[in-house]
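Text of the file structure34.txt, holding compact mmCIF, C-alpha atoms:
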# COMPACT_ATOMS: atom_id res chain seq x y z
CA MET A 1 -108.09 -27.11 46.87
CA LYS A 2 -109.81 -30.11 45.29
CA ASN A 3 -106.62 -32.15 45.57
CA THR A 4 -106.31 -31.18 49.23
CA ALA A 5 -109.83 -32.35 49.96
CA LEU A 6 -109.18 -35.66 48.22
CA LEU A 7 -105.98 -36.18 50.19
CA LEU A 8 -107.70 -35.44 53.50
CA LEU A 9 -110.53 -37.85 52.70
CA PHE A 10 -107.98 -40.45 51.67
CA SER A 11 -106.07 -40.01 54.96
CA VAL A 12 -109.24 -40.25 57.03
CA LEU A 13 -110.20 -43.52 55.33
CA ILE A 14 -106.75 -44.97 56.01
CA MET A 15 -106.94 -43.85 59.63
CA ALA A 16 -110.35 -45.44 60.13
CA CYS A 17 -109.22 -48.74 58.65
CA ASN A 18 -106.09 -48.85 60.75
CA GLN A 19 -107.87 -47.88 63.97
CA GLN A 20 -110.42 -50.65 63.41
CA GLU A 21 -107.65 -53.13 62.74
CA HIS A 22 -105.79 -52.05 65.87
CA LYS A 23 -108.91 -52.41 68.03
CA SER A 24 -109.55 -55.92 66.78
CA LYS A 25 -105.92 -56.93 67.31
CA GLY A 26 -105.14 -54.86 70.38
CA ASN A 27 -103.12 -57.60 72.09
CA THR A 28 -100.92 -58.54 69.15
CA ASN A 29 -97.20 -58.62 69.83
CA LYS A 30 -94.43 -56.91 67.86
CA LYS A 31 -93.95 -59.93 65.62
CA ASN A 32 -97.61 -59.94 64.58
CA THR A 33 -97.57 -56.17 64.05
CA SER A 34 -94.61 -56.54 61.71
CA ARG A 35 -96.47 -59.27 59.82
CA THR A 36 -99.45 -56.92 59.46
CA LEU A 37 -97.20 -54.26 57.96
CA GLU A 38 -95.70 -56.81 55.61
CA ASN A 39 -99.16 -57.89 54.50
CA LYS A 40 -100.12 -54.29 53.84
CA SER A 41 -97.07 -53.75 51.66
CA ALA A 42 -97.68 -57.05 49.88
CA ASN A 43 -100.37 -55.43 47.71
CA PHE A 44 -97.44 -54.47 45.51
CA SER A 45 -94.21 -56.41 45.46
CA GLU A 46 -91.18 -54.89 47.12
CA LYS A 47 -89.45 -54.80 43.75
CA SER A 48 -92.29 -52.79 42.19
CA LEU A 49 -92.35 -50.38 45.14
CA ILE A 50 -88.61 -49.74 44.85
CA ALA A 51 -89.04 -49.20 41.10
CA PHE A 52 -91.90 -46.78 41.84
CA MET A 53 -89.72 -44.81 44.27
CA ASP A 54 -86.87 -44.70 41.75
CA SER A 55 -89.18 -43.42 39.01
CA VAL A 56 -90.58 -40.68 41.24
CA GLY A 57 -87.04 -39.70 42.19
CA ARG A 58 -86.37 -38.99 38.51
CA LEU A 59 -89.41 -36.73 38.01
CA SER A 60 -89.01 -33.00 37.42
CA THR A 61 -88.90 -31.31 40.81
CA ASP A 62 -90.00 -27.99 39.29
CA SER A 63 -93.28 -29.40 37.95
CA LEU A 64 -94.06 -31.04 41.31
CA VAL A 65 -93.26 -27.77 43.11
CA LYS A 66 -95.62 -25.81 40.86
CA LYS A 67 -98.45 -28.24 41.55
CA THR A 68 -97.92 -28.20 45.33
CA SER A 69 -97.51 -24.44 45.66
CA PHE A 70 -100.34 -23.46 43.30
CA TYR A 71 -103.12 -22.96 45.84
CA ALA A 72 -101.15 -21.06 48.50
CA ASP A 73 -99.48 -18.91 45.85
CA SER A 74 -102.84 -18.14 44.23
CA VAL A 75 -104.23 -16.83 47.52
CA PHE A 76 -101.01 -14.93 48.21
CA LEU A 77 -101.00 -13.19 44.82
CA ALA A 78 -104.73 -12.42 44.79
CA ILE A 79 -104.48 -8.69 45.46
CA GLN A 80 -106.83 -6.18 43.89
CA GLN A 81 -104.64 -3.27 42.83
CA ILE A 82 -106.68 -0.04 43.04
CA ASN A 83 -104.19 2.87 43.11
CA ARG A 84 -106.83 5.60 43.40
CA LYS A 85 -106.36 9.01 45.00
CA LEU A 86 -109.30 9.98 47.20
CA ASN A 87 -110.80 13.42 46.70
CA LYS A 88 -110.88 15.89 49.60
CA LEU A 89 -114.41 14.97 50.69
CA GLU A 90 -113.70 11.23 50.59
CA TYR A 91 -110.48 11.61 52.54
CA SER A 92 -112.15 13.84 55.12
CA THR A 93 -114.94 11.28 55.50
CA LEU A 94 -112.36 8.53 55.95
CA LYS A 95 -110.42 10.45 58.61
CA THR A 96 -113.63 11.07 60.54
CA ALA A 97 -114.55 7.38 60.29
CA ILE A 98 -111.13 6.35 61.61
CA LYS A 99 -111.47 8.77 64.53
CA GLN A 100 -115.01 7.64 65.36
CA ARG A 101 -114.25 3.97 64.59
CA SER A 102 -117.37 3.64 62.47
CA ILE A 103 -118.79 4.78 59.15
CA LYS A 104 -122.18 4.85 57.47
CA ILE A 105 -122.50 2.03 54.98
CA ASP A 106 -123.56 4.33 52.15
CA GLN A 107 -120.54 6.57 52.80
CA ALA A 108 -118.19 3.59 52.80
CA GLU A 109 -119.59 2.31 49.52
CA LYS A 110 -119.12 5.71 47.86
CA ILE A 111 -115.40 5.40 48.63
CA PHE A 112 -114.77 1.65 48.38
CA GLY A 113 -117.58 0.37 46.18
CA LYS A 114 -119.78 -2.53 47.26
CA ILE A 115 -118.85 -3.66 50.79
CA GLU A 116 -119.00 -7.36 51.66
CA LEU A 117 -120.86 -7.19 54.96
CA ASP A 118 -120.79 -9.76 57.72
CA SER A 119 -124.29 -11.07 58.41
CA ILE A 120 -124.27 -9.43 61.86
CA TYR A 121 -124.34 -6.00 60.18
CA LEU A 122 -127.30 -6.68 57.88
CA GLY A 123 -129.97 -4.08 58.49
CA GLU A 124 -127.51 -1.73 60.23
CA LYS A 125 -126.75 1.79 59.02
CA ASN A 126 -123.21 1.89 60.38
CA ILE A 127 -120.30 -0.56 60.33
CA PRO A 128 -117.16 -0.54 62.52
CA VAL A 129 -113.84 0.71 61.16
CA LYS A 130 -110.65 -0.98 62.34
CA PHE A 131 -107.50 1.13 61.82
CA TYR A 132 -103.98 -0.31 61.41
CA ALA A 133 -101.12 2.23 61.50
CA PHE A 134 -97.71 1.27 60.11
CA GLY A 135 -94.92 3.29 61.63
CA LYS A 136 -94.72 6.58 63.48
CA GLY A 137 -96.12 9.97 62.53
CA SER A 138 -99.54 11.44 61.88
CA ARG A 139 -102.26 8.80 61.98
CA ASN A 140 -103.72 9.73 58.62
CA LYS A 141 -100.73 10.87 56.56
CA LYS A 142 -98.65 7.72 56.50
CA GLU A 143 -99.07 4.11 55.46
CA PHE A 144 -102.05 2.42 57.04
CA ALA A 145 -104.86 -0.06 56.45
CA ILE A 146 -108.50 -0.31 57.47
CA SER A 147 -111.09 -3.05 57.64
CA PHE A 148 -114.80 -3.00 58.37
CA ASN A 149 -114.77 -5.40 61.30
CA GLU A 150 -114.50 -5.45 65.07
CA ASP A 151 -111.16 -5.96 66.82
CA ARG A 152 -109.75 -9.49 66.69
CA VAL A 153 -112.22 -10.50 64.01
CA ARG A 154 -112.15 -14.21 63.18
CA GLY A 155 -112.59 -15.62 59.72
CA ARG A 156 -112.51 -13.79 56.42
CA THR A 157 -111.99 -10.05 56.20
CA ASN A 158 -111.02 -7.49 53.57
CA LEU A 159 -108.16 -5.08 54.22
CA TYR A 160 -107.72 -1.80 52.34
CA PHE A 161 -104.15 -0.47 52.19
CA PHE A 162 -103.42 3.26 51.95
CA ASN A 163 -100.49 5.56 51.43
CA GLY A 164 -101.84 8.89 52.66
CA ASP A 165 -104.93 9.71 50.62
CA SER A 166 -104.13 7.06 47.99
CA LEU A 167 -106.03 3.77 48.20
CA LEU A 168 -103.46 1.31 46.88
CA ALA A 169 -104.92 -2.16 47.19
CA LYS A 170 -107.53 -4.49 48.64
CA LYS A 171 -106.65 -7.92 50.05
CA ALA A 172 -108.96 -10.65 51.31
CA ILE A 173 -107.53 -12.42 54.37
CA TYR A 174 -108.62 -15.51 56.26
CA ASN A 175 -107.45 -16.05 59.82
CA TYR A 176 -109.32 -18.48 62.03
CA TYR A 177 -108.14 -17.15 65.40
CA GLY A 178 -108.14 -13.45 64.61
CA LEU A 179 -105.92 -11.25 62.47
CA GLU A 180 -102.58 -9.98 63.78
CA LEU A 181 -101.17 -7.53 61.26
CA ASN A 182 -97.44 -6.94 61.80
CA HIS A 183 -94.97 -4.60 60.12
CA TYR A 184 -91.32 -3.57 60.05
CA LYS A 185 -88.92 -1.40 58.04
CA ASP A 186 -86.75 -3.23 55.53
CA ALA A 187 -83.09 -2.34 54.91
CA ASP A 188 -84.15 0.20 52.27
CA GLY A 189 -86.47 1.95 54.72
CA LYS A 190 -89.64 0.71 53.04
CA THR A 191 -92.46 -0.84 55.08
CA ILE A 192 -93.14 -4.57 54.99
CA ILE A 193 -96.47 -5.94 56.25
CA TYR A 194 -96.93 -9.57 57.25
CA TYR A 195 -99.60 -11.80 58.75
CA ARG A 196 -100.66 -15.43 59.00
CA GLU A 197 -103.10 -16.84 56.44
CA ASP A 198 -104.98 -19.92 57.68
CA TYR A 199 -105.94 -22.70 55.26
CA ILE A 200 -106.76 -25.70 57.46
CA THR A 201 -107.22 -25.96 61.23
CA GLY A 202 -108.23 -29.00 63.23
CA SER A 203 -107.17 -31.77 65.58
CA GLY A 204 -104.09 -33.48 64.20
CA ILE A 205 -104.01 -31.32 61.08
CA TRP A 206 -102.86 -27.74 60.60
CA TRP A 207 -101.72 -25.49 57.76
CA ASN A 208 -101.04 -21.77 57.62
CA ASN A 209 -98.53 -19.56 55.82
CA LEU A 210 -96.84 -16.24 56.51
CA TYR A 211 -97.61 -13.66 53.82
CA PHE A 212 -95.29 -10.66 53.36
CA TYR A 213 -96.16 -7.54 51.32
CA LYS A 214 -94.23 -4.33 50.77
CA TYR A 215 -94.99 -0.67 50.19
CA TYR A 216 -92.94 -0.03 47.07
CA ASN A 217 -93.06 3.17 44.98
CA ASN A 218 -96.68 3.91 45.88
CA ARG A 219 -97.70 0.31 45.24
CA PHE A 220 -98.48 -2.60 47.56
CA ILE A 221 -96.72 -5.72 46.26
CA PRO A 222 -96.34 -9.38 47.36
CA VAL A 223 -92.76 -10.22 48.33
CA LEU A 224 -92.66 -13.52 50.27
CA ASN A 225 -94.90 -16.53 50.91
CA GLU A 226 -93.44 -18.94 53.49
CA LEU A 227 -94.85 -21.82 55.49
CA SER A 228 -95.74 -20.88 59.06
CA ASN A 229 -96.99 -24.23 60.35
CA GLY A 230 -97.88 -27.43 58.52
CA ASN A 231 -98.56 -30.75 60.19
CA THR A 232 -100.58 -33.94 59.93
CA THR A 233 -100.72 -36.88 62.33
CA GLY A 234 -102.71 -40.06 62.39
CA ALA A 235 -102.92 -43.06 60.12
CA LEU A 236 -100.56 -45.91 59.53
CA GLY A 237 -99.27 -45.93 55.99
CA SER A 238 -99.35 -42.15 55.74
CA ARG A 239 -96.57 -39.68 56.43
CA GLN A 240 -96.53 -37.81 59.74
CA LYS A 241 -95.05 -34.33 59.33
CA TRP A 242 -94.47 -31.13 61.25
CA LEU A 243 -92.82 -27.82 60.37
CA GLU A 244 -93.10 -24.59 62.32
CA SER A 245 -91.46 -21.27 61.45
CA ILE A 246 -90.47 -18.98 64.32
CA LYS A 247 -89.56 -15.36 63.62
CA LEU A 248 -86.19 -14.57 65.19
CA LYS A 249 -85.74 -11.02 63.88
CA THR A 250 -86.52 -8.58 61.08
CA ASN A 251 -84.20 -6.42 58.98
CA PRO A 252 -82.90 -8.79 57.93
CA LEU A 253 -85.76 -11.22 58.30
CA MET A 254 -84.68 -14.50 59.90
CA LEU A 255 -86.93 -17.51 60.52
CA LYS A 256 -86.06 -20.56 62.58
CA MET A 257 -87.70 -23.68 61.15
CA VAL A 258 -88.29 -26.70 63.36
CA TYR A 259 -89.34 -29.75 61.37
CA SER A 260 -89.72 -33.52 61.45
CA HIS A 261 -91.29 -36.34 59.51
CA GLY A 262 -91.66 -40.08 59.83
CA PHE A 263 -94.19 -42.89 60.11
CA ASN A 264 -96.33 -44.23 62.93
CA GLU A 265 -95.95 -47.82 64.06
CA TRP A 266 -98.01 -49.80 66.56
CA LYS A 267 -96.06 -51.61 69.22
CA ASN A 268 -97.17 -53.06 72.55
CA ASN A 269 -99.35 -50.15 73.61
CA ASP A 270 -102.59 -48.41 72.77
CA TYR A 271 -100.96 -45.53 70.93
CA PRO A 272 -98.66 -45.42 67.91
CA ASP A 273 -95.01 -44.46 68.20
CA LEU A 274 -93.53 -42.08 65.65
CA ASN A 275 -90.47 -43.53 63.96
CA TYR A 276 -88.59 -40.44 62.77
CA LEU A 277 -86.80 -40.27 59.47
CA LEU A 278 -85.81 -36.66 60.11
CA ASN A 279 -86.02 -34.42 63.18
CA ASP A 280 -84.08 -31.18 62.88
CA SER A 281 -84.11 -27.38 62.82
CA THR A 282 -82.42 -24.64 60.82
CA ILE A 283 -82.37 -20.88 60.30
CA VAL A 284 -83.24 -19.20 57.01
CA LYS A 285 -82.19 -15.60 56.33
CA TYR A 286 -84.06 -13.48 53.78
CA SER A 287 -82.83 -10.41 51.91
CA TRP A 288 -84.36 -8.04 49.39
CA ASP A 289 -83.78 -8.82 45.73
CA GLU A 290 -84.36 -5.71 43.65
CA LYS A 291 -84.51 -7.54 40.32
CA SER A 292 -87.42 -9.81 41.29
CA LYS A 293 -88.74 -7.37 43.91
CA THR A 294 -89.10 -10.17 46.43
CA LEU A 295 -87.52 -11.35 49.67
CA LYS A 296 -85.15 -14.19 48.78
CA GLY A 297 -84.35 -16.97 51.22
CA ALA A 298 -80.72 -18.06 51.51
CA TYR A 299 -81.68 -21.74 51.59
CA GLU A 300 -78.23 -22.70 50.36
CA ASN A 301 -76.90 -21.61 53.76
CA SER A 302 -79.48 -23.61 55.71
CA LYS A 303 -80.31 -27.31 56.09
CA ILE A 304 -83.58 -27.18 54.17
CA THR A 305 -84.55 -26.28 50.61
CA LYS A 306 -87.68 -24.52 49.37
CA PRO A 307 -89.03 -27.71 47.69
CA GLN A 308 -88.48 -29.60 50.96
CA ILE A 309 -90.45 -26.93 52.86
CA LEU A 310 -93.35 -27.44 50.45
CA THR A 311 -93.58 -31.12 51.43
CA TYR A 312 -94.96 -29.94 54.79
CA TYR A 313 -97.94 -28.29 53.10
CA VAL A 314 -101.19 -30.16 53.74
CA GLU A 315 -101.55 -30.91 50.05
CA ASP A 316 -101.46 -33.94 47.78
CA ASN A 317 -97.67 -33.66 47.68
CA GLU A 318 -96.36 -37.17 48.37
CA LEU A 319 -94.66 -37.40 44.97
CA LEU A 320 -92.77 -34.21 45.76
CA TYR A 321 -91.79 -35.66 49.14
CA ILE A 322 -90.42 -38.84 47.58
CA ASN A 323 -88.66 -36.79 44.91
CA VAL A 324 -86.84 -34.31 47.17
CA PHE A 325 -86.16 -36.77 50.01
CA TYR A 326 -85.23 -39.65 47.71
CA ASP A 327 -81.67 -39.99 49.02
CA LEU A 328 -82.88 -39.90 52.63
CA LEU A 329 -85.48 -42.61 51.98
CA LYS A 330 -82.93 -44.84 50.25
CA ASN A 331 -80.50 -44.40 53.12
CA LYS A 332 -83.10 -45.07 55.85
CA MET A 333 -84.21 -48.28 54.13
CA ARG A 334 -80.98 -49.87 55.32
CA ASP A 335 -82.69 -50.13 58.70
CA ASN A 336 -85.12 -53.09 58.70
CA GLU A 337 -87.84 -51.43 60.80
CA LYS A 338 -87.74 -48.23 58.78
CA ARG A 339 -87.67 -50.24 55.57
CA LYS A 340 -91.00 -51.88 56.46
CA LEU A 341 -92.56 -48.52 57.29
CA ILE A 342 -91.27 -46.89 54.10
CA LEU A 343 -92.53 -49.79 51.97
CA THR A 344 -95.95 -49.51 53.60
CA TYR A 345 -95.94 -45.79 52.84
CA LEU A 346 -94.86 -46.34 49.23
CA ASN A 347 -97.62 -48.90 48.85
CA THR A 348 -100.18 -46.36 50.09
CA VAL A 349 -98.91 -43.66 47.73
CA LYS A 350 -98.75 -45.98 44.73
CA LYS A 351 -102.32 -47.15 45.36
CA HIS A 352 -103.44 -43.53 45.64
CA GLU A 353 -101.75 -42.63 42.35
CA ARG A 354 -103.20 -45.70 40.63
CA ASP A 355 -106.72 -44.97 41.88
CA ARG A 356 -106.47 -41.32 40.86
CA ASP A 357 -105.23 -42.21 37.37
CA SER A 358 -108.11 -44.65 36.92
CA LYS A 359 -110.74 -41.94 37.49

How does this structure look as structure tokens?
Amino acid sequence: MKNTALLLLFSVLIMACNQQEHKSKGNTNKKNTSRTLENKSANFSEKSLIAFMDSVGRLSTDSLVKKTSFYADSVFLAIQQINRKLNKLEYSTLKTAIKQRSIKIDQAEKIFGKIELDSIYLGEKNIPVKFYAFGKGSRNKKEFAISFNEDRVRGRTNLYFFNGDSLLAKKAIYNYYGLELNHYKDADGKTIIYYREDYITGSGIWWNNLYFYKYYNNRFIPVLNELSNGNTTGALGSRQKWLESIKLKTNPLMLKMVYSHGFNEWKNNDYPDLNYLLNDSTIVKYSWDEKSKTLKGAYENSKITKPQILTYYVEDNELLYINVFYDLLKNKMRDNEKRKLILTYLNTVKKHERDRDSK
């Protein structure tokens, strides 16, 4: 997350500089604005910027993907596998707690170990129990999960996943606006659970992923991590991006992805206009792969690749963007206006890489 923080700070600094410049030159015409962009890109020569883009285009995509996906994948895979069968007394206590929607803290800790309590429960003897049932049937004899929070809890919470009287796993979840835990039956009849994990929320910046897990042979395993919404808007010289995934159906799982990216440019108004390099949508279908025990996306049948999706993460991923959209950037540079914007962007990225390497 350190790289993310550095990128956000870097973007804020660029935004502040550009906003100050725009305020001081608010009445400049299009010709002067173009000259400003040219001056910005003049920090490095056009020849050196093209050479920089070409060199990034030749980098290993796999290594850039691993760097970009590391944080989100780490959170996704961070499951505590427990796989413990409760004894009769423990299971009876749990069923009573689910029915009463609360449990004594000492009873909970005998079953689950040390409970991470929200500060509002400090000094209390009881804590609330939230019950999530997956599928039809008896409430306490099928797959379910519990948490020790009120309904629609915001922020971080721990979920405990059960199969009958077997405690399978514990997963820490962060959701800023409140957890919505969804489920469906896959083609093989096994239950898949999914929810949104929030990383960054704010004005003009957003990043959350959809996490999918599956009940598989009395285990609870991670099967798919896909971008739900990633976007940043703001400064000149930085990339403006947006991708949103919309669930169309399950079994098979199908997501519609709406995405765009480009660069802001100031014209004869008080607000920047977004000059799009790409503005499109596509549908990705996912199917179960028994060998890897994951849901595989058929990206080859859509208009977007997995590495391209990762460029919409709010991460320090500009090298990946240049690498996987290299052909698009080269093609768009045939347009004079877009060429200026792309050169300004390349100048910003090259300066960022130079400054980071010098530390």

- Distance in Å - atom CA of Thr282 of chain A versus atom CA of Leu343 of chain A: 28.5 Å

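With distances restricted to all atoms listed in the file, A:Ser245 is the closest residue to Leu210 of chain A from A:Asn83, A:Ser245, A:Asn231, A:Asn279.
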
- Message: Nearest residue to Ser63 of chain A out of A:Asn175, A:Leu319, A:Gln308, A:Pro128, using only C-alpha atoms?
- Response: A:Leu319

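Going from atom CA of Phe144 of chain A to atom CA of Tyr215 of chain A covers 10.3 Å.
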
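The space separating atom CA of Thr157 of chain A from atom CA of Ile205 of chain A comes to 23.2 Å.
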
Please give the centre and size of the box around segment 292-305 of chain A (axis-aligned, containing every atom listed in the file, 5 Å added per side), with values in Å to one decimal and written as AutoDock Vina command-line options.
--center_x -83.0 --center_y -17.3 --center_z 48.7 --size_x 22.2 --size_y 29.9 --size_z 24.8

- Task: For segment 328-339 of chain A, list every protein, DNA or RNA residue within 10 Å, evaluated using all atoms listed in the file, and leave out those in the same chain fewer than 3 positions away; present the list as a PyMOL selection string.
- Result: chain A and resi 34+50+53-54+262-263+265+275-278+321-325+342-345

- Item | Distance criterion (all atoms listed in the file): nearest to Leu59 of chain A out of A:Ile304, A:Ala78, A:Leu341, A:Leu320 | A:Leu320

- Task: Please write as a PyMOL selection string the list of polymer residues whose atoms come within 12 Å of (-121.3, 8.1, 58.8), counting all atoms listed in the file and keeping to the coordinates of the file.
- Result: chain A and resi 90+92-110+124-129

List every protein, DNA or RNA residue that has at least one atom no more than 9 Å from (-112.9, -8.2, 52.6) in the file's coordinates, counting all atoms listed in the file, and write the result as a PDB file with C-alpha atoms, in the coordinates of the input.
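Final output, part.pdb:
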ATOM      1  CA  ILE A 115    -118.850  -3.660  50.790  1.00  0.00           C
ATOM      2  CA  GLU A 116    -119.000  -7.360  51.660  1.00  0.00           C
ATOM      3  CA  LEU A 117    -120.860  -7.190  54.960  1.00  0.00           C
ATOM      4  CA  SER A 147    -111.090  -3.050  57.640  1.00  0.00           C
ATOM      5  CA  PHE A 148    -114.800  -3.000  58.370  1.00  0.00           C
ATOM      6  CA  ARG A 156    -112.510 -13.790  56.420  1.00  0.00           C
ATOM      7  CA  THR A 157    -111.990 -10.050  56.200  1.00  0.00           C
ATOM      8  CA  ASN A 158    -111.020  -7.490  53.570  1.00  0.00           C
ATOM      9  CA  LEU A 159    -108.160  -5.080  54.220  1.00  0.00           C
ATOM     10  CA  TYR A 160    -107.720  -1.800  52.340  1.00  0.00           C
ATOM     11  CA  LYS A 170    -107.530  -4.490  48.640  1.00  0.00           C
ATOM     12  CA  LYS A 171    -106.650  -7.920  50.050  1.00  0.00           C
ATOM     13  CA  ALA A 172    -108.960 -10.650  51.310  1.00  0.00           C
ATOM     14  CA  ILE A 173    -107.530 -12.420  54.370  1.00  0.00           C
TER      15      ILE A 173
END

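Using only C-alpha atoms, the nearest neighbour of Tyr71 of chain A within the list A:Tyr194, A:Tyr184, A:Tyr313, A:Tyr259 is A:Tyr313.
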
- Query: With distances taken over all atoms listed in the file, which of A:His183, A:Lys293, A:Lys114, A:Lys47 is nearest to Ala133 of chain A?
  - Reply: A:His183

Compile the contact shell of Pro222 of chain A as a PDB file with C-alpha atoms, in the frame of the given file: residues with an atom at most 8 Å away, counting only C-alpha atoms, same-chain residues fewer than 6 positions apart removed.
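Result went into part_24.pdb, see below:
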ATOM      1  CA  PHE A  76    -101.010 -14.930  48.210  1.00  0.00           C
ATOM      2  CA  LEU A  77    -101.000 -13.190  44.820  1.00  0.00           C
ATOM      3  CA  TYR A 211     -97.610 -13.660  53.820  1.00  0.00           C
ATOM      4  CA  PHE A 212     -95.290 -10.660  53.360  1.00  0.00           C
ATOM      5  CA  TYR A 213     -96.160  -7.540  51.320  1.00  0.00           C
ATOM      6  CA  LYS A 214     -94.230  -4.330  50.770  1.00  0.00           C
ATOM      7  CA  THR A 294     -89.100 -10.170  46.430  1.00  0.00           C
TER       8      THR A 294
END
